[in-house]
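The structure appears right after this line, and notes come after that.
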Amino acid sequence: MAQAPRIVLLHATPVAIDPIKESFAVRWPEAEIVNLLDDSLSVDRAKDSELTDRIIDRFFAFGSYAHSIGADAILATCSAFGPAIERLANELPIPVLKPNEAMFEAALTQGRKIGMIATFAPSLVTMEQEFEEFVRETGQDATLTSVVANGAMDALRGGDAETHNELVAERAPELSDCDAIMLAHFSTSRALLAVRKKVDARVLTAPDAAVEKLIAALEQSEKSGMP
């Protein structure tokens with residue numbers, strides 16, 4: 001890529017920003033990163049038991065603005081808006097990635113029994129559906145067991161990353177018989193070292209895998225002549 005691409009990151013919570021910034025700094029420092037944050041999306045998403053059409057429309061408008069400011073690719077960093085991200089991917093003429101696509105791929109290279117630790121319960125339904133769809137589309141045979149580290153997200157939003165990491169790690173032994181354990185959200189990647197101390201299974205995070213997949217997506221779009 002001759003010119004540094006503009007990658008627009010769509011954040012629905014501020015706690016997702018630092019982990020993906022760190023991954024870009026290590027893996028793709030040349031990229032021009034633009035952070036867009038609308039934390040009302042996660043606040044309002046938590047009030048509903050399911051993803052409403054109104055929230056989908058709002059997220060789509062969010063992503064459309066990202067395209068209007070010259071994004072070469074878009075990465076959503078919140079896992080609670082799957083159908084809205086799919087709509088963006090279908091309607092925008094640039095690569096649009098879900099936060100966990102690459103992590104799912106990596107998990108399935110480890111075995112058939114996959115675990116996942118989440119800290120934002122409303123995201124579980126869409127993430128589990130996405131995982132099932134991914135497994136079906138790839139023709140693999142795998143199962144997913146999910147747990148929620150209650151209170152971890154509140155601790156992190158309050159600035160207490162240590163308690164967040166402890167609460168996430170406390171749930172890990174429940175998934176010790178899994179071939180791989182996924183930390184569900186970008187923000188959860190902070191707990192990687194704490195979780196690794198609790199289990200022998202491979203523990204996966206989303207940010208690093210997402211950056212690698214973005215690089216590949218941009219290279220592919222250049223080869224295909226995609227604008």
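The way I read the labels, and the way they are meant: chains A, B, ... in the order of the structure tokens, residue 1 as the first residue of every chain, and ligand 1 as the first ligand shown, with later ones counted on from there.
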
Original post:
Contacts of Phe104 of chain A at 12 Å or less, counting only C-alpha atoms, minus same-chain residues fewer than 2 places along, as a PyMOL selection string?
Top reply: chain A and resi 98-102+106-112+114-116+127-128+130-135+138+140+142-144+180-184+203-206+209-210+213

Original post:
as a ChimeraX atom specification, which residues of segment 28-212 of chain A does DSSP assign to alpha helix (DSSP H)?
Top reply: /A:40-45,53-68,82-91,101-108,123-138,152-157,161-171,192-196,206-212

Pull C-alpha atoms from the residues just selected and write them as a PDB file, in the first residue's frame.
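What follows is the written file selection.pdb:
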ATOM      1  CA  SER A  40     -24.822   6.385  23.884  1.00  0.00           C
ATOM      2  CA  LEU A  41     -25.065   3.354  21.595  1.00  0.00           C
ATOM      3  CA  SER A  42     -23.885   0.928  24.274  1.00  0.00           C
ATOM      4  CA  VAL A  43     -25.901   2.704  26.962  1.00  0.00           C
ATOM      5  CA  ASP A  44     -29.102   2.406  24.938  1.00  0.00           C
ATOM      6  CA  ARG A  45     -28.279  -1.103  23.725  1.00  0.00           C
ATOM      7  CA  ASP A  53     -34.239  -1.511  14.329  1.00  0.00           C
ATOM      8  CA  ARG A  54     -33.743   1.964  15.758  1.00  0.00           C
ATOM      9  CA  ILE A  55     -30.328   1.064  17.185  1.00  0.00           C
ATOM     10  CA  ILE A  56     -29.373  -0.634  13.916  1.00  0.00           C
ATOM     11  CA  ASP A  57     -30.299   2.523  11.997  1.00  0.00           C
ATOM     12  CA  ARG A  58     -28.285   4.672  14.394  1.00  0.00           C
ATOM     13  CA  PHE A  59     -25.230   2.449  14.063  1.00  0.00           C
ATOM     14  CA  PHE A  60     -25.589   2.429  10.292  1.00  0.00           C
ATOM     15  CA  ALA A  61     -25.638   6.242  10.278  1.00  0.00           C
ATOM     16  CA  PHE A  62     -22.524   6.150  12.481  1.00  0.00           C
ATOM     17  CA  GLY A  63     -20.734   3.944   9.962  1.00  0.00           C
ATOM     18  CA  SER A  64     -21.970   5.967   7.003  1.00  0.00           C
ATOM     19  CA  TYR A  65     -20.377   9.049   8.519  1.00  0.00           C
ATOM     20  CA  ALA A  66     -17.113   7.111   8.791  1.00  0.00           C
ATOM     21  CA  HIS A  67     -17.311   6.406   5.074  1.00  0.00           C
ATOM     22  CA  SER A  68     -18.079  10.048   4.297  1.00  0.00           C
ATOM     23  CA  GLY A  82     -23.552  -7.518  14.581  1.00  0.00           C
ATOM     24  CA  PRO A  83     -26.535  -7.041  12.214  1.00  0.00           C
ATOM     25  CA  ALA A  84     -25.788  -3.320  11.889  1.00  0.00           C
ATOM     26  CA  ILE A  85     -22.165  -4.058  10.985  1.00  0.00           C
ATOM     27  CA  GLU A  86     -23.343  -6.597   8.412  1.00  0.00           C
ATOM     28  CA  ARG A  87     -25.578  -3.954   6.868  1.00  0.00           C
ATOM     29  CA  LEU A  88     -22.621  -1.580   6.606  1.00  0.00           C
ATOM     30  CA  ALA A  89     -20.496  -4.303   5.018  1.00  0.00           C
ATOM     31  CA  ASN A  90     -23.203  -5.022   2.453  1.00  0.00           C
ATOM     32  CA  GLU A  91     -23.914  -1.405   1.527  1.00  0.00           C
ATOM     33  CA  GLU A 101     -14.209 -12.357  12.885  1.00  0.00           C
ATOM     34  CA  ALA A 102     -10.473 -12.984  13.068  1.00  0.00           C
ATOM     35  CA  MET A 103     -10.620 -14.229  16.656  1.00  0.00           C
ATOM     36  CA  PHE A 104     -13.259 -16.792  15.685  1.00  0.00           C
ATOM     37  CA  GLU A 105     -10.992 -18.037  12.905  1.00  0.00           C
ATOM     38  CA  ALA A 106      -8.068 -18.388  15.293  1.00  0.00           C
ATOM     39  CA  ALA A 107     -10.157 -20.187  17.907  1.00  0.00           C
ATOM     40  CA  LEU A 108     -11.307 -22.837  15.480  1.00  0.00           C
ATOM     41  CA  SER A 123     -23.565  -8.634  23.303  1.00  0.00           C
ATOM     42  CA  LEU A 124     -23.788 -12.363  23.977  1.00  0.00           C
ATOM     43  CA  VAL A 125     -26.810 -13.087  21.797  1.00  0.00           C
ATOM     44  CA  THR A 126     -25.352 -11.510  18.665  1.00  0.00           C
ATOM     45  CA  MET A 127     -21.875 -12.926  19.305  1.00  0.00           C
ATOM     46  CA  GLU A 128     -23.168 -16.454  19.807  1.00  0.00           C
ATOM     47  CA  GLN A 129     -25.244 -16.143  16.634  1.00  0.00           C
ATOM     48  CA  GLU A 130     -22.222 -14.868  14.717  1.00  0.00           C
ATOM     49  CA  PHE A 131     -20.122 -17.757  15.981  1.00  0.00           C
ATOM     50  CA  GLU A 132     -22.755 -20.296  14.975  1.00  0.00           C
ATOM     51  CA  GLU A 133     -23.036 -18.707  11.533  1.00  0.00           C
ATOM     52  CA  PHE A 134     -19.268 -18.696  11.145  1.00  0.00           C
ATOM     53  CA  VAL A 135     -19.040 -22.362  12.094  1.00  0.00           C
ATOM     54  CA  ARG A 136     -21.835 -23.245   9.691  1.00  0.00           C
ATOM     55  CA  GLU A 137     -20.340 -21.255   6.809  1.00  0.00           C
ATOM     56  CA  THR A 138     -16.905 -22.798   7.278  1.00  0.00           C
ATOM     57  CA  ALA A 152     -16.135  -6.327  35.325  1.00  0.00           C
ATOM     58  CA  MET A 153     -17.341  -3.765  32.804  1.00  0.00           C
ATOM     59  CA  ASP A 154     -18.581  -1.452  35.546  1.00  0.00           C
ATOM     60  CA  ALA A 155     -15.197  -1.674  37.251  1.00  0.00           C
ATOM     61  CA  LEU A 156     -13.374  -0.847  34.030  1.00  0.00           C
ATOM     62  CA  ARG A 157     -15.640   2.079  33.250  1.00  0.00           C
ATOM     63  CA  ALA A 161      -8.726  -2.195  35.428  1.00  0.00           C
ATOM     64  CA  GLU A 162      -7.234  -4.457  38.093  1.00  0.00           C
ATOM     65  CA  THR A 163     -10.644  -5.465  39.453  1.00  0.00           C
ATOM     66  CA  HIS A 164     -11.911  -5.901  35.885  1.00  0.00           C
ATOM     67  CA  ASN A 165      -9.071  -8.319  35.139  1.00  0.00           C
ATOM     68  CA  GLU A 166      -9.598 -10.240  38.385  1.00  0.00           C
ATOM     69  CA  LEU A 167     -13.329 -10.667  37.741  1.00  0.00           C
ATOM     70  CA  VAL A 168     -12.696 -11.902  34.205  1.00  0.00           C
ATOM     71  CA  ALA A 169     -10.003 -14.319  35.362  1.00  0.00           C
ATOM     72  CA  GLU A 170     -12.279 -15.723  38.096  1.00  0.00           C
ATOM     73  CA  ARG A 171     -14.624 -17.129  35.446  1.00  0.00           C
ATOM     74  CA  LEU A 192      -5.235 -11.672  28.977  1.00  0.00           C
ATOM     75  CA  LEU A 193      -2.339 -12.241  31.390  1.00  0.00           C
ATOM     76  CA  ALA A 194      -4.643 -12.735  34.382  1.00  0.00           C
ATOM     77  CA  VAL A 195      -6.699 -15.336  32.513  1.00  0.00           C
ATOM     78  CA  ARG A 196      -3.634 -17.183  31.262  1.00  0.00           C
ATOM     79  CA  ALA A 206      -9.690  -9.723  19.318  1.00  0.00           C
ATOM     80  CA  PRO A 207      -7.584  -6.577  18.664  1.00  0.00           C
ATOM     81  CA  ASP A 208      -4.369  -8.117  17.290  1.00  0.00           C
ATOM     82  CA  ALA A 209      -6.256 -10.549  15.077  1.00  0.00           C
ATOM     83  CA  ALA A 210      -8.497  -7.757  13.798  1.00  0.00           C
ATOM     84  CA  VAL A 211      -5.544  -5.615  12.723  1.00  0.00           C
ATOM     85  CA  GLU A 212      -3.993  -8.516  10.821  1.00  0.00           C
TER      86      GLU A 212
END

**OP:** Mind giving me the straight-line distance from atom CA of Pro95 of chain A to atom CA of Ile74 of chain A in Å, one decimal?
**Re:** 6.4 Å

Original post:
What gap, in Å, lies between atom CA of Gly70 of chain A and atom CA of His11 of chain A?
Top reply: 17.3 Å

Subject >> Residue set, segment 52-136 of chain A restricted to strand (DSSP E), as a PyMOL selection string >> reply: chain A and resi 73-76+96-97+113-118

Restricting the output to all heavy atoms, write the selected residues as a CSV table (one decimal), in the first residue's frame.
chain,number,residue,atom,x,y,z
A,73,ALA,N,-11.2,1.7,5.2
A,73,ALA,CA,-11.8,0.5,5.8
A,73,ALA,C,-12.3,1.0,7.1
A,73,ALA,O,-11.9,2.0,7.7
A,73,ALA,CB,-10.7,-0.6,6.0
A,74,ILE,N,-13.3,0.2,7.6
A,74,ILE,CA,-13.9,0.4,8.9
A,74,ILE,C,-13.8,-0.8,9.8
A,74,ILE,O,-14.1,-1.9,9.3
A,74,ILE,CB,-15.4,0.8,8.7
A,74,ILE,CG1,-15.6,2.2,8.0
A,74,ILE,CG2,-16.2,0.9,10.0
A,74,ILE,CD1,-17.0,2.5,7.6
A,75,LEU,N,-13.5,-0.6,11.0
A,75,LEU,CA,-13.5,-1.7,12.0
A,75,LEU,C,-14.4,-1.2,13.2
A,75,LEU,O,-14.2,-0.2,13.8
A,75,LEU,CB,-12.1,-1.9,12.5
A,75,LEU,CG,-12.0,-2.9,13.7
A,75,LEU,CD1,-12.5,-4.3,13.3
A,75,LEU,CD2,-10.5,-3.0,14.2
A,76,ALA,N,-15.4,-2.0,13.5
A,76,ALA,CA,-16.3,-1.8,14.6
A,76,ALA,C,-15.6,-2.5,15.8
A,76,ALA,O,-15.2,-3.7,15.7
A,76,ALA,CB,-17.7,-2.3,14.4
A,96,VAL,N,-15.5,-3.6,5.7
A,96,VAL,CA,-16.1,-3.3,7.0
A,96,VAL,C,-15.9,-4.6,7.8
A,96,VAL,O,-16.5,-5.6,7.4
A,96,VAL,CB,-17.5,-2.9,6.9
A,96,VAL,CG1,-18.1,-2.6,8.3
A,96,VAL,CG2,-17.7,-1.6,6.1
A,97,LEU,N,-15.3,-4.5,8.9
A,97,LEU,CA,-15.0,-5.7,9.7
A,97,LEU,C,-15.7,-5.7,11.0
A,97,LEU,O,-15.8,-4.7,11.7
A,97,LEU,CB,-13.5,-5.9,10.0
A,97,LEU,CG,-12.7,-6.7,9.0
A,97,LEU,CD1,-12.7,-6.0,7.6
A,97,LEU,CD2,-11.3,-6.9,9.5
A,113,LYS,N,-14.0,-27.4,20.9
A,113,LYS,CA,-14.7,-26.9,22.1
A,113,LYS,C,-14.2,-25.5,22.4
A,113,LYS,O,-13.0,-25.4,22.9
A,113,LYS,CB,-14.5,-27.9,23.2
A,113,LYS,CG,-15.5,-27.6,24.4
A,113,LYS,CD,-15.5,-28.8,25.3
A,113,LYS,CE,-16.5,-28.6,26.5
A,113,LYS,NZ,-16.6,-29.7,27.4
A,114,ILE,N,-15.0,-24.5,22.2
A,114,ILE,CA,-14.5,-23.1,22.4
A,114,ILE,C,-15.3,-22.5,23.6
A,114,ILE,O,-16.5,-22.7,23.7
A,114,ILE,CB,-14.8,-22.3,21.1
A,114,ILE,CG1,-14.2,-23.0,19.9
A,114,ILE,CG2,-14.2,-20.9,21.3
A,114,ILE,CD1,-12.7,-23.3,20.0
A,115,GLY,N,-14.6,-21.7,24.4
A,115,GLY,CA,-15.2,-21.0,25.5
A,115,GLY,C,-15.1,-19.5,25.2
A,115,GLY,O,-14.2,-19.0,24.4
A,116,MET,N,-15.9,-18.7,25.9
A,116,MET,CA,-15.9,-17.3,25.7
A,116,MET,C,-16.3,-16.6,27.0
A,116,MET,O,-17.3,-16.9,27.6
A,116,MET,CB,-16.8,-16.8,24.6
A,116,MET,CG,-16.8,-15.3,24.3
A,116,MET,SD,-17.6,-14.9,22.8
A,116,MET,CE,-19.3,-15.3,23.2
A,117,ILE,N,-15.5,-15.6,27.4
A,117,ILE,CA,-15.8,-14.8,28.6
A,117,ILE,C,-16.2,-13.4,28.1
A,117,ILE,O,-15.4,-12.7,27.5
A,117,ILE,CB,-14.6,-14.7,29.5
A,117,ILE,CG1,-14.1,-16.1,29.9
A,117,ILE,CG2,-15.0,-13.9,30.8
A,117,ILE,CD1,-12.8,-16.1,30.7
A,118,ALA,N,-17.4,-13.0,28.5
A,118,ALA,CA,-17.9,-11.6,28.1
A,118,ALA,C,-18.0,-10.8,29.4
A,118,ALA,O,-18.1,-11.3,30.5
A,118,ALA,CB,-19.3,-11.7,27.4

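Here atom CA of Glu30 of chain A stands at a distance of 6.0 Å from atom CA of Ala4 of chain A.
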